[in-house]
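Student: If it helps, the file is called final-v5.cif and holds mmCIF, C-alpha atoms and all ligand atoms:
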data_final
#
loop_
_atom_site.label_atom_id
_atom_site.label_comp_id
_atom_site.auth_asym_id
_atom_site.auth_seq_id
_atom_site.Cartn_x
_atom_site.Cartn_y
_atom_site.Cartn_z
CA MET A 1 0.00 0.00 0.00
CA TRP A 2 1.32 3.43 -0.92
CA ASP A 3 1.88 6.00 1.77
CA TYR A 4 -0.51 8.72 0.59
CA SER A 5 -0.98 12.07 2.32
CA ALA A 6 -4.38 12.94 3.80
CA LYS A 7 -4.86 15.45 0.98
CA VAL A 8 -4.25 12.82 -1.72
CA MET A 9 -6.78 10.53 -0.01
CA ASP A 10 -9.29 13.39 0.22
CA HIS A 11 -8.96 14.27 -3.50
CA PHE A 12 -9.14 10.56 -4.39
CA HIS A 13 -12.29 9.88 -2.35
CA HIS A 14 -13.91 13.24 -3.09
CA PRO A 15 -12.51 14.36 -6.45
CA ARG A 16 -13.36 17.94 -7.42
CA ASN A 17 -14.53 18.98 -10.89
CA VAL A 18 -15.11 15.53 -12.37
CA GLY A 19 -16.68 15.44 -15.82
CA GLU A 20 -16.54 17.50 -18.95
CA VAL A 21 -17.12 21.20 -19.62
CA GLU A 22 -19.94 21.56 -22.13
CA ASN A 23 -18.67 23.02 -25.42
CA PRO A 24 -15.20 23.56 -23.95
CA ASP A 25 -12.86 26.30 -25.17
CA ALA A 26 -9.86 23.98 -24.69
CA VAL A 27 -9.29 20.25 -24.47
CA GLY A 28 -6.10 18.50 -23.37
CA GLU A 29 -5.86 14.76 -23.66
CA ILE A 30 -2.85 12.86 -22.49
CA GLY A 31 -1.84 9.25 -21.85
CA ASN A 32 -3.15 6.03 -23.18
CA ILE A 33 -5.47 3.51 -21.57
CA VAL A 34 -3.12 0.75 -22.85
CA CYS A 35 -0.30 2.35 -20.82
CA GLY A 36 -2.49 2.40 -17.73
CA ASP A 37 -3.23 6.15 -17.34
CA ALA A 38 -5.22 8.64 -19.38
CA LEU A 39 -6.48 12.12 -18.59
CA LYS A 40 -8.85 14.41 -20.46
CA LEU A 41 -8.97 18.01 -19.26
CA THR A 42 -11.59 20.44 -20.55
CA LEU A 43 -11.58 24.19 -19.89
CA ARG A 44 -13.98 27.09 -20.13
CA ILE A 45 -11.97 30.23 -20.85
CA ASP A 46 -12.96 33.89 -20.89
CA ARG A 47 -11.70 34.83 -24.33
CA LYS A 48 -11.26 38.51 -23.40
CA THR A 49 -9.11 37.98 -20.32
CA GLU A 50 -7.90 34.42 -21.06
CA ARG A 51 -8.93 33.52 -17.52
CA ILE A 52 -9.94 29.91 -16.79
CA LEU A 53 -13.56 30.02 -15.62
CA ASP A 54 -14.06 26.27 -15.28
CA ALA A 55 -11.90 23.16 -15.45
CA ARG A 56 -13.10 19.56 -15.43
CA PHE A 57 -11.40 16.23 -15.82
CA GLN A 58 -11.95 12.59 -16.67
CA THR A 59 -9.17 10.27 -15.59
CA PHE A 60 -8.49 6.62 -16.10
CA GLY A 61 -5.86 5.56 -13.62
CA CYS A 62 -4.93 4.94 -10.03
CA GLY A 63 -5.87 6.96 -6.94
CA SER A 64 -2.95 9.35 -7.29
CA ALA A 65 -3.84 10.02 -10.95
CA ILE A 66 -7.36 10.98 -9.87
CA ALA A 67 -6.07 13.09 -6.95
CA SER A 68 -3.51 14.85 -9.20
CA SER A 69 -6.19 15.67 -11.81
CA SER A 70 -8.58 16.91 -9.13
CA ALA A 71 -5.85 19.07 -7.57
CA LEU A 72 -4.87 20.46 -10.97
CA THR A 73 -8.42 21.65 -11.72
CA GLU A 74 -8.62 23.36 -8.32
CA MET A 75 -5.24 25.01 -8.84
CA ILE A 76 -5.92 26.46 -12.29
CA LYS A 77 -9.48 27.75 -11.89
CA GLY A 78 -9.37 31.54 -11.79
CA LYS A 79 -5.87 31.74 -13.28
CA THR A 80 -5.09 33.28 -16.65
CA LEU A 81 -3.60 30.94 -19.25
CA ASP A 82 -0.19 32.56 -18.77
CA GLU A 83 -0.38 32.00 -15.01
CA ALA A 84 -1.64 28.43 -15.44
CA SER A 85 1.12 27.59 -17.91
CA LYS A 86 3.63 28.10 -15.06
CA VAL A 87 2.10 25.25 -13.00
CA THR A 88 4.59 22.38 -12.88
CA ASN A 89 4.21 18.77 -11.85
CA LYS A 90 6.07 19.67 -8.65
CA ASP A 91 3.41 22.30 -7.84
CA ILE A 92 0.70 19.65 -8.25
CA ALA A 93 2.56 17.22 -5.96
CA ASP A 94 3.21 20.01 -3.41
CA TYR A 95 -0.48 21.00 -3.46
CA LEU A 96 -1.26 17.41 -2.43
CA ASP A 97 1.40 17.50 0.33
CA GLY A 98 3.55 15.19 -1.77
CA LEU A 99 3.15 11.99 -3.76
CA PRO A 100 5.08 8.72 -3.39
CA GLU A 101 8.00 8.92 -5.82
CA GLU A 102 6.69 5.89 -7.74
CA LYS A 103 3.54 7.92 -8.42
CA MET A 104 5.10 11.22 -9.49
CA HIS A 105 4.29 10.39 -13.12
CA CYS A 106 0.64 11.16 -12.23
CA SER A 107 1.58 14.76 -11.49
CA VAL A 108 3.54 14.90 -14.77
CA MET A 109 0.45 13.66 -16.59
CA GLY A 110 -1.53 16.55 -15.06
CA MET A 111 1.06 19.09 -16.18
CA GLU A 112 1.09 17.61 -19.70
CA ALA A 113 -2.72 17.64 -19.97
CA LEU A 114 -2.73 21.32 -19.00
CA GLU A 115 0.01 22.07 -21.54
CA ALA A 116 -2.02 20.18 -24.20
CA ALA A 117 -5.20 22.12 -23.32
CA ILE A 118 -3.43 25.50 -23.52
CA ASN A 119 -1.86 24.49 -26.84
CA ASN A 120 -5.28 23.39 -28.07
CA TYR A 121 -6.75 26.81 -27.18
CA ARG A 122 -3.88 28.56 -28.92
CA GLY A 123 -4.14 26.43 -32.04
CA ILE A 124 -0.88 24.56 -31.48
CA ARG A 125 -1.08 20.98 -32.68
CA PRO A 126 -1.13 18.34 -29.90
CA ARG A 127 2.20 16.72 -29.13
CA SER A 128 0.67 13.25 -29.41
CA GLN A 129 -0.07 13.63 -33.12
CA GLU A 130 3.55 13.93 -34.08
CA ILE A 131 6.98 14.09 -32.51
CA PRO A 132 7.87 17.78 -32.18
CA ALA A 133 10.74 18.99 -34.36
CA GLY A 134 14.09 18.50 -32.71
CA GLU A 135 12.85 15.76 -30.37
CA LYS A 136 13.22 12.03 -30.70
CA ILE A 137 11.46 9.14 -29.03
CA VAL A 138 13.68 7.50 -26.43
CA CYS A 139 11.20 5.14 -24.80
CA ARG A 140 9.12 3.35 -27.42
CA CYS A 141 7.06 1.48 -24.83
CA PHE A 142 5.62 4.72 -23.43
CA GLY A 143 6.31 7.21 -26.23
CA VAL A 144 8.55 9.49 -24.16
CA THR A 145 10.91 11.86 -25.98
CA ASP A 146 14.43 12.96 -25.08
CA LYS A 147 13.22 16.53 -24.44
CA LYS A 148 10.49 15.40 -22.05
CA ILE A 149 13.00 13.29 -20.10
CA ALA A 150 15.51 16.16 -19.88
CA GLN A 151 12.75 18.62 -18.84
CA VAL A 152 11.48 16.37 -16.04
CA ILE A 153 15.04 15.72 -14.79
CA GLU A 154 15.75 19.46 -14.63
CA MET A 155 12.42 20.46 -13.11
CA ASN A 156 12.54 17.87 -10.34
CA ASN A 157 16.31 17.60 -9.74
CA LEU A 158 16.33 13.88 -10.56
CA THR A 159 19.57 11.93 -10.27
CA THR A 160 18.77 8.29 -11.12
CA VAL A 161 17.18 6.33 -13.97
CA GLU A 162 14.70 4.82 -11.48
CA GLN A 163 13.48 8.31 -10.62
CA VAL A 164 13.06 9.13 -14.33
CA THR A 165 10.93 5.97 -14.66
CA ASN A 166 8.85 6.98 -11.65
CA TYR A 167 8.24 10.44 -13.07
CA THR A 168 7.75 9.62 -16.79
CA LYS A 169 7.33 5.82 -17.00
CA ALA A 170 10.20 5.82 -19.55
CA GLY A 171 12.27 2.71 -18.91
CA GLY A 172 9.48 0.96 -17.06
CA GLY A 173 8.57 -1.49 -19.85
CA CYS A 174 11.03 -3.61 -21.81
CA GLY A 175 13.92 -1.58 -20.36
CA GLN A 176 15.77 -1.22 -23.69
CA CYS A 177 15.82 2.57 -23.41
CA ARG A 178 17.49 2.65 -20.00
CA PRO A 179 21.04 3.23 -21.37
CA GLN A 180 19.72 6.23 -23.35
CA ILE A 181 17.97 7.60 -20.26
CA GLU A 182 21.25 7.16 -18.38
CA ALA A 183 23.05 9.19 -21.09
CA ILE A 184 20.44 12.02 -20.99
CA LEU A 185 20.66 12.07 -17.21
CA ALA A 186 24.46 12.34 -17.33
CA GLU A 187 24.25 15.14 -19.91
CA VAL A 188 21.70 17.18 -17.90
CA LEU A 189 23.63 16.72 -14.64
CA LYS A 190 26.86 17.79 -16.36
CA LYS A 191 25.20 20.95 -17.70
CA GLU A 192 23.68 21.74 -14.28
CA LYS A 193 27.10 21.34 -12.66
CA GLU A 194 28.73 23.63 -15.23
CA LYS A 195 25.96 26.19 -14.74
CA LYS A 196 26.45 26.16 -10.96
CA GLU A 197 30.23 26.48 -11.27
CA SER A 198 29.93 29.43 -13.65
CA LEU A 199 27.77 31.42 -11.22
CA PRO A 200 29.73 34.05 -9.31
CA LYS A 201 30.17 32.91 -5.74
CA LYS A 202 28.11 35.05 -3.37
CA MET A 203 30.33 36.50 -0.70
CA THR A 204 29.21 36.91 2.89
CA ASN A 205 29.67 40.38 4.46
CA LEU A 206 32.50 39.01 6.55
CA GLU A 207 34.28 37.63 3.47
CA LYS A 208 33.79 40.95 1.68
CA ILE A 209 35.27 42.97 4.57
CA ARG A 210 38.23 40.57 4.82
CA LEU A 211 38.90 40.89 1.10
CA ILE A 212 38.70 44.70 1.29
CA GLN A 213 41.14 44.72 4.20
CA GLU A 214 43.50 42.37 2.40
CA THR A 215 43.41 44.47 -0.79
CA LEU A 216 44.07 47.69 1.12
CA GLU A 217 46.90 46.03 3.01
CA LYS A 218 48.65 44.54 0.00
CA GLU A 219 47.89 46.92 -2.85
CA ILE A 220 47.20 50.38 -1.45
CA ARG A 221 48.87 51.06 1.87
CA PRO A 222 52.46 50.24 0.78
CA HIS A 223 52.23 52.99 -1.91
CA LEU A 224 50.89 55.55 0.58
CA ARG A 225 53.41 54.65 3.29
CA ALA A 226 56.27 55.14 0.84
CA ASP A 227 55.32 58.87 0.81
CA GLY A 228 54.74 59.16 4.55
CA GLY A 229 50.98 58.69 4.40
CA ASP A 230 48.54 55.95 5.20
CA LEU A 231 44.84 55.19 5.60
CA GLU A 232 42.57 53.11 7.74
CA LEU A 233 39.34 51.32 7.07
CA VAL A 234 36.51 52.96 9.05
CA ASP A 235 33.41 51.15 7.85
CA VAL A 236 31.84 49.12 5.06
CA ASP A 237 28.19 49.84 4.27
CA GLY A 238 26.94 47.68 1.41
CA ASN A 239 29.35 48.52 -1.39
CA LYS A 240 30.53 51.79 0.14
CA VAL A 241 33.97 51.59 1.74
CA TYR A 242 34.76 54.47 4.13
CA LEU A 243 38.44 55.32 4.61
CA ARG A 244 40.25 57.77 6.92
CA LEU A 245 43.45 59.37 5.65
CA ILE A 246 46.51 59.47 7.88
CA GLY A 247 49.83 61.35 7.82
CA THR A 248 50.81 63.24 4.66
CA CYS A 249 47.72 61.91 2.91
CA GLN A 250 45.57 64.24 5.02
CA SER A 251 47.12 67.32 3.46
CA CYS A 252 47.67 65.90 -0.02
CA PRO A 253 45.57 67.92 -2.53
CA SER A 254 45.27 65.00 -4.97
CA MET A 255 44.11 62.47 -2.35
CA GLY A 256 40.38 62.90 -3.20
CA PHE A 257 41.16 61.93 -6.77
CA THR A 258 43.34 58.99 -5.62
CA ILE A 259 40.53 57.61 -3.51
CA GLU A 260 37.90 57.99 -6.19
CA THR A 261 39.93 56.48 -8.97
CA PHE A 262 42.93 54.41 -7.89
CA ILE A 263 41.57 52.88 -4.67
CA THR A 264 38.05 52.37 -6.04
CA GLN A 265 39.48 50.70 -9.14
CA LYS A 266 41.70 48.36 -7.13
CA LEU A 267 38.84 47.38 -4.83
CA ARG A 268 36.52 46.79 -7.80
CA GLN A 269 39.04 44.45 -9.39
CA ALA A 270 39.45 42.48 -6.19
CA VAL A 271 35.95 42.53 -4.66
CA ASN A 272 33.13 43.50 -7.04
CA GLU A 273 32.17 46.01 -9.71
CA GLU A 274 29.90 48.03 -7.42
CA ILE A 275 32.46 48.98 -4.79
CA GLU A 276 32.98 52.68 -4.13
CA ALA A 277 35.72 54.06 -1.89
CA LYS A 278 34.76 57.17 0.11
CA LYS A 279 36.85 59.54 2.18
CA VAL A 280 35.66 60.15 5.74
CA GLU A 281 35.75 63.87 6.52
CA GLU A 282 37.33 64.66 9.90
S1 LIG B 301 11.63 1.31 -24.76
FE1 LIG B 301 11.53 2.20 -22.82
S2 LIG B 301 10.79 0.68 -21.55
FE2 LIG B 301 10.72 -0.23 -23.52
#
Would you mind writing the structure in this file as structure tokens?
Tutor:
Amino acid sequence: MWDYSAKVMDHFHHPRNVGEVENPDAVGEIGNIVCGDALKLTLRIDRKTERILDARFQTFGCGSAIASSSALTEMIKGKTLDEASKVTNKDIADYLDGLPEEKMHCSVMGMEALEAAINNYRGIRPRSQEIPAGEKIVCRCFGVTDKKIAQVIEMNNLTTVEQVTNYTKAGGGCGQCRPQIEAILAEVLKKEKEKKESLPKKMTNLEKIRLIQETLEKEIRPHLRADGGDLELVDVDGNKVYLRLIGTCQSCPSMGFTIETFITQKLRQAVNEEIEAKKVEE
């Protein structure tokens, strides 16, 4: 027996919005009874505002498929199509306080039915009628494309082939596609890792202050001391660095310019592009 949340059980035993909207403005059909799950979503849409006025579903599948469809209709009623198109399978699962991982494909089916209904309203041909350009079928047993697998991996932070099967069913039949799923998984994880590594590392305030102190110590103060001057760090407020001049620097007429240009430039190179050095008036 699956460990379902109380909310899943509630939506399974008392599904909301079952049936079909009469003369619907949009229809999204997904799945296949042969594969074990099928969902038909029908929508009534205000054509002026593109707001979803009514949403109804008919589902053939297990309890979590019914609960996911019921939750989806509740979530999208009242939303505009643009707002609804942002609903992901994770949102559906979260709305239900989670689904067992082996049942996550039910939430994906909900997301796909919604996508199909929105495409239907906008005159975009359903995905099921042909393989979209640039995509290829990876799992022949369940008709899952490479793009769908990559999208679900990214959206749900999946890391194993078993998880991909739980979320998309791909790999859950004859198993011949599992090496290809493994390759897509490795490719997506590699890209994610590269993306993370290319992001600039966010510094804590403490790290920023230490780096400012280190830069002043190594690159600025030796030059000033050579002419009998010096400076000290008074405060750091966001990207503003307040400095007090000491010794001959206090009476140097060009020191304002030095702070604004030379010191600011050095700190920007070492810390960040927003840094601004400021002289503290005595
Ligand atoms: S081709 Fe994917 S399980 Fe058979």
Student: Could you give me, as a ChimeraX atom specification, the residues within 12 Å of A:Lys48, counting all atoms listed in the file and dropping anything in the same chain fewer than 5 positions from it?
Tutor: /A:53,80-81
Student: Which one is closest to ligand LIG 301 (chain B): A:Gly28, A:Pro132, A:Gly175, A:Gly247? Count only C-alpha atoms and all ligand atoms.
Tutor: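 Between A:Gly28, A:Pro132, A:Gly175, A:Gly247, the residue approaching ligand LIG 301 (chain B) most closely is A:Gly175.
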Student: Can you write out as a tab-separated table which residues of chain A fall within 10 Å of ligand LIG 301 (chain B), alongside each residue's closest atom pair and its distance in Å to one decimal, counting all atoms listed in the file and ordering rows by chain and ascending residue number?
Tutor:
residue	atom	partner	partner_atom	distance
A:Ile137	CA	B:LIG301	S1	8.9
A:Val138	CA	B:LIG301	S1	6.7
A:Cys139	CA	B:LIG301	FE1	3.6
A:Arg140	CA	B:LIG301	S1	4.2
A:Cys141	CA	B:LIG301	FE2	4.2
A:Phe142	CA	B:LIG301	FE1	6.5
A:Gly143	CA	B:LIG301	FE1	8.0
A:Val144	CA	B:LIG301	FE1	8.0
A:Thr165	CA	B:LIG301	S2	8.7
A:Lys169	CA	B:LIG301	S2	7.7
A:Ala170	CA	B:LIG301	FE1	5.1
A:Gly171	CA	B:LIG301	S2	3.6
A:Gly172	CA	B:LIG301	S2	4.7
A:Gly173	CA	B:LIG301	S2	3.5
A:Cys174	CA	B:LIG301	FE2	3.8
A:Gly175	CA	B:LIG301	S2	4.0
A:Gln176	CA	B:LIG301	S1	5.0
A:Cys177	CA	B:LIG301	FE1	4.3
A:Arg178	CA	B:LIG301	FE1	6.6
A:Pro179	CA	B:LIG301	FE1	9.7
A:Gln180	CA	B:LIG301	FE1	9.1
A:Ile181	CA	B:LIG301	FE1	8.8
Student: As an exercise, work out the distance from atom CA of A:Thr145 to atom CA of A:Leu43 in Å and give it to one decimal place.
Tutor: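 Answer for the atom CA of A:Thr145 to atom CA of A:Leu43 separation: 26.4 Å.
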Student: From the set A:Gln151, A:Thr258, A:Thr168, A:Gln163, which residue has the shortest atom-to-atom contact distance to A:Gly110, counting only C-alpha atoms?
Tutor: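 Nearest candidate to A:Gly110 out of A:Gln151, A:Thr258, A:Thr168, A:Gln163: A:Thr168.
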Student: Could you tell me how far atom CA of A:Lys279 lies from atom CA of A:Ser251, in Å and to one decimal?
Tutor: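 A separation of 12.9 Å between them.
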Student: I'd like the neighbourhood of stretch 232-241 of chain A as a list in words, where a residue qualifies if any of its atoms comes within 10 Å (using all atoms listed in the file), though same-chain residues fewer than 5 positions away should be ignored.
Tutor: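 Once the nearby chain positions are removed, what remains is Asn205, Lys208, Ile209, Ile212, Gln213, Leu216, Glu217, Arg221, Ile246, Thr264, Leu267, Arg268, Val271, Asn272, Glu273, Glu274, Ile275, Glu276, Ala277, Lys278, Lys279 and Val280 of chain A.
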Student: Edge lengths and centre, in Å to one decimal, as JSON: that's what I need for the box along x, y and z that holds all listed atoms of stretch 54-58 of chain A plus 3 Å on each side.
Tutor:
{"center_x": -12.7, "center_y": 19.4, "center_z": -16.0, "size_x": 8.7, "size_y": 19.7, "size_z": 7.4}
Student: Closest to A:Ile30 among A:Thr248, A:Thr59, A:Thr261, A:Thr88, using all atoms listed in the file?
Tutor: A:Thr59
Student: Need the shell around A:Asp46: protein/DNA/RNA residues with any atom at most 12 Å away, counting only C-alpha atoms. Skip same-chain ones fewer than 3 positions apart. Format as JSON, numbers by chain?
Tutor: {"A": [24, 25, 26, 43, 49, 50, 51, 52, 53, 54, 77, 78, 79, 80, 81, 121]}
Student: So the first atom is atom CA of A:Ser198 and the second is atom CA of A:Ile263; what is the distance between them in Å, to one decimal place?
Tutor: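 We find that atom CA of A:Ser198 and atom CA of A:Ile263 lie 27.7 Å from each other.
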Student: Which residue out of A:Glu281, A:Asn23, A:Phe60, A:Ala71 has the minimum interatomic distance to A:Asp97 when all atoms listed in the file are used?
Tutor: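 Closest residue, counting all atoms listed in the file: A:Ala71.
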Student: Would you mind telling me which residue in A:His14, A:Arg122, A:His105, A:Lys147 lies nearest to A:Gly134 when using all atoms listed in the file?
Tutor: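 Under the stated criterion, the closest residue is A:Lys147.
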Student: Please identify all polymer residues lying at most 12 Å from the point (22.6, 7.8, -17.4) (file coordinates), using only C-alpha atoms, and present the result as a ChimeraX atom specification.
Tutor: /A:149-150,153,158-164,171,177-190
Student: Could you write out that same residue set with C-alpha atoms as an mmCIF file, keeping the file's coordinate frame?
Tutor:
data_model
loop_
_atom_site.group_PDB
_atom_site.id
_atom_site.type_symbol
_atom_site.label_atom_id
_atom_site.label_comp_id
_atom_site.auth_asym_id
_atom_site.auth_seq_id
_atom_site.Cartn_x
_atom_site.Cartn_y
_atom_site.Cartn_z
ATOM 1 C CA ILE A 149 13.000 13.290 -20.100
ATOM 2 C CA ALA A 150 15.510 16.160 -19.880
ATOM 3 C CA ILE A 153 15.040 15.720 -14.790
ATOM 4 C CA LEU A 158 16.330 13.880 -10.560
ATOM 5 C CA THR A 159 19.570 11.930 -10.270
ATOM 6 C CA THR A 160 18.770 8.290 -11.120
ATOM 7 C CA VAL A 161 17.180 6.330 -13.970
ATOM 8 C CA GLU A 162 14.700 4.820 -11.480
ATOM 9 C CA GLN A 163 13.480 8.310 -10.620
ATOM 10 C CA VAL A 164 13.060 9.130 -14.330
ATOM 11 C CA GLY A 171 12.270 2.710 -18.910
ATOM 12 C CA CYS A 177 15.820 2.570 -23.410
ATOM 13 C CA ARG A 178 17.490 2.650 -20.000
ATOM 14 C CA PRO A 179 21.040 3.230 -21.370
ATOM 15 C CA GLN A 180 19.720 6.230 -23.350
ATOM 16 C CA ILE A 181 17.970 7.600 -20.260
ATOM 17 C CA GLU A 182 21.250 7.160 -18.380
ATOM 18 C CA ALA A 183 23.050 9.190 -21.090
ATOM 19 C CA ILE A 184 20.440 12.020 -20.990
ATOM 20 C CA LEU A 185 20.660 12.070 -17.210
ATOM 21 C CA ALA A 186 24.460 12.340 -17.330
ATOM 22 C CA GLU A 187 24.250 15.140 -19.910
ATOM 23 C CA VAL A 188 21.700 17.180 -17.900
ATOM 24 C CA LEU A 189 23.630 16.720 -14.640
ATOM 25 C CA LYS A 190 26.860 17.790 -16.360
#
Student: Residues around (5.7, 3.7, -6.8), cut-off 10 Å, counting only C-alpha atoms - what are they as a list in words?
Tutor: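 Within the cut-off we find Met1, Trp2, Asp3, Leu99, Pro100, Glu101, Glu102, Lys103, Met104, His105, Gln163, Thr165, Asn166 and Tyr167 of chain A.
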Student: Calculated over all atoms listed in the file, which of the candidates A:Leu224, A:Ala116, A:Val18, A:Val108 has the smallest distance to A:Ala55?
Tutor: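 Once distances to A:Ala55 are computed over all atoms listed in the file, the minimum belongs to A:Val18.
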Student: Name all residues at most 8 Å from A:Lys266 (count all atoms listed in the file; drop same-chain ones fewer than 4 positions away) and give them as JSON, numbers by chain.
Tutor: {"A": [215, 219, 262, 270]}
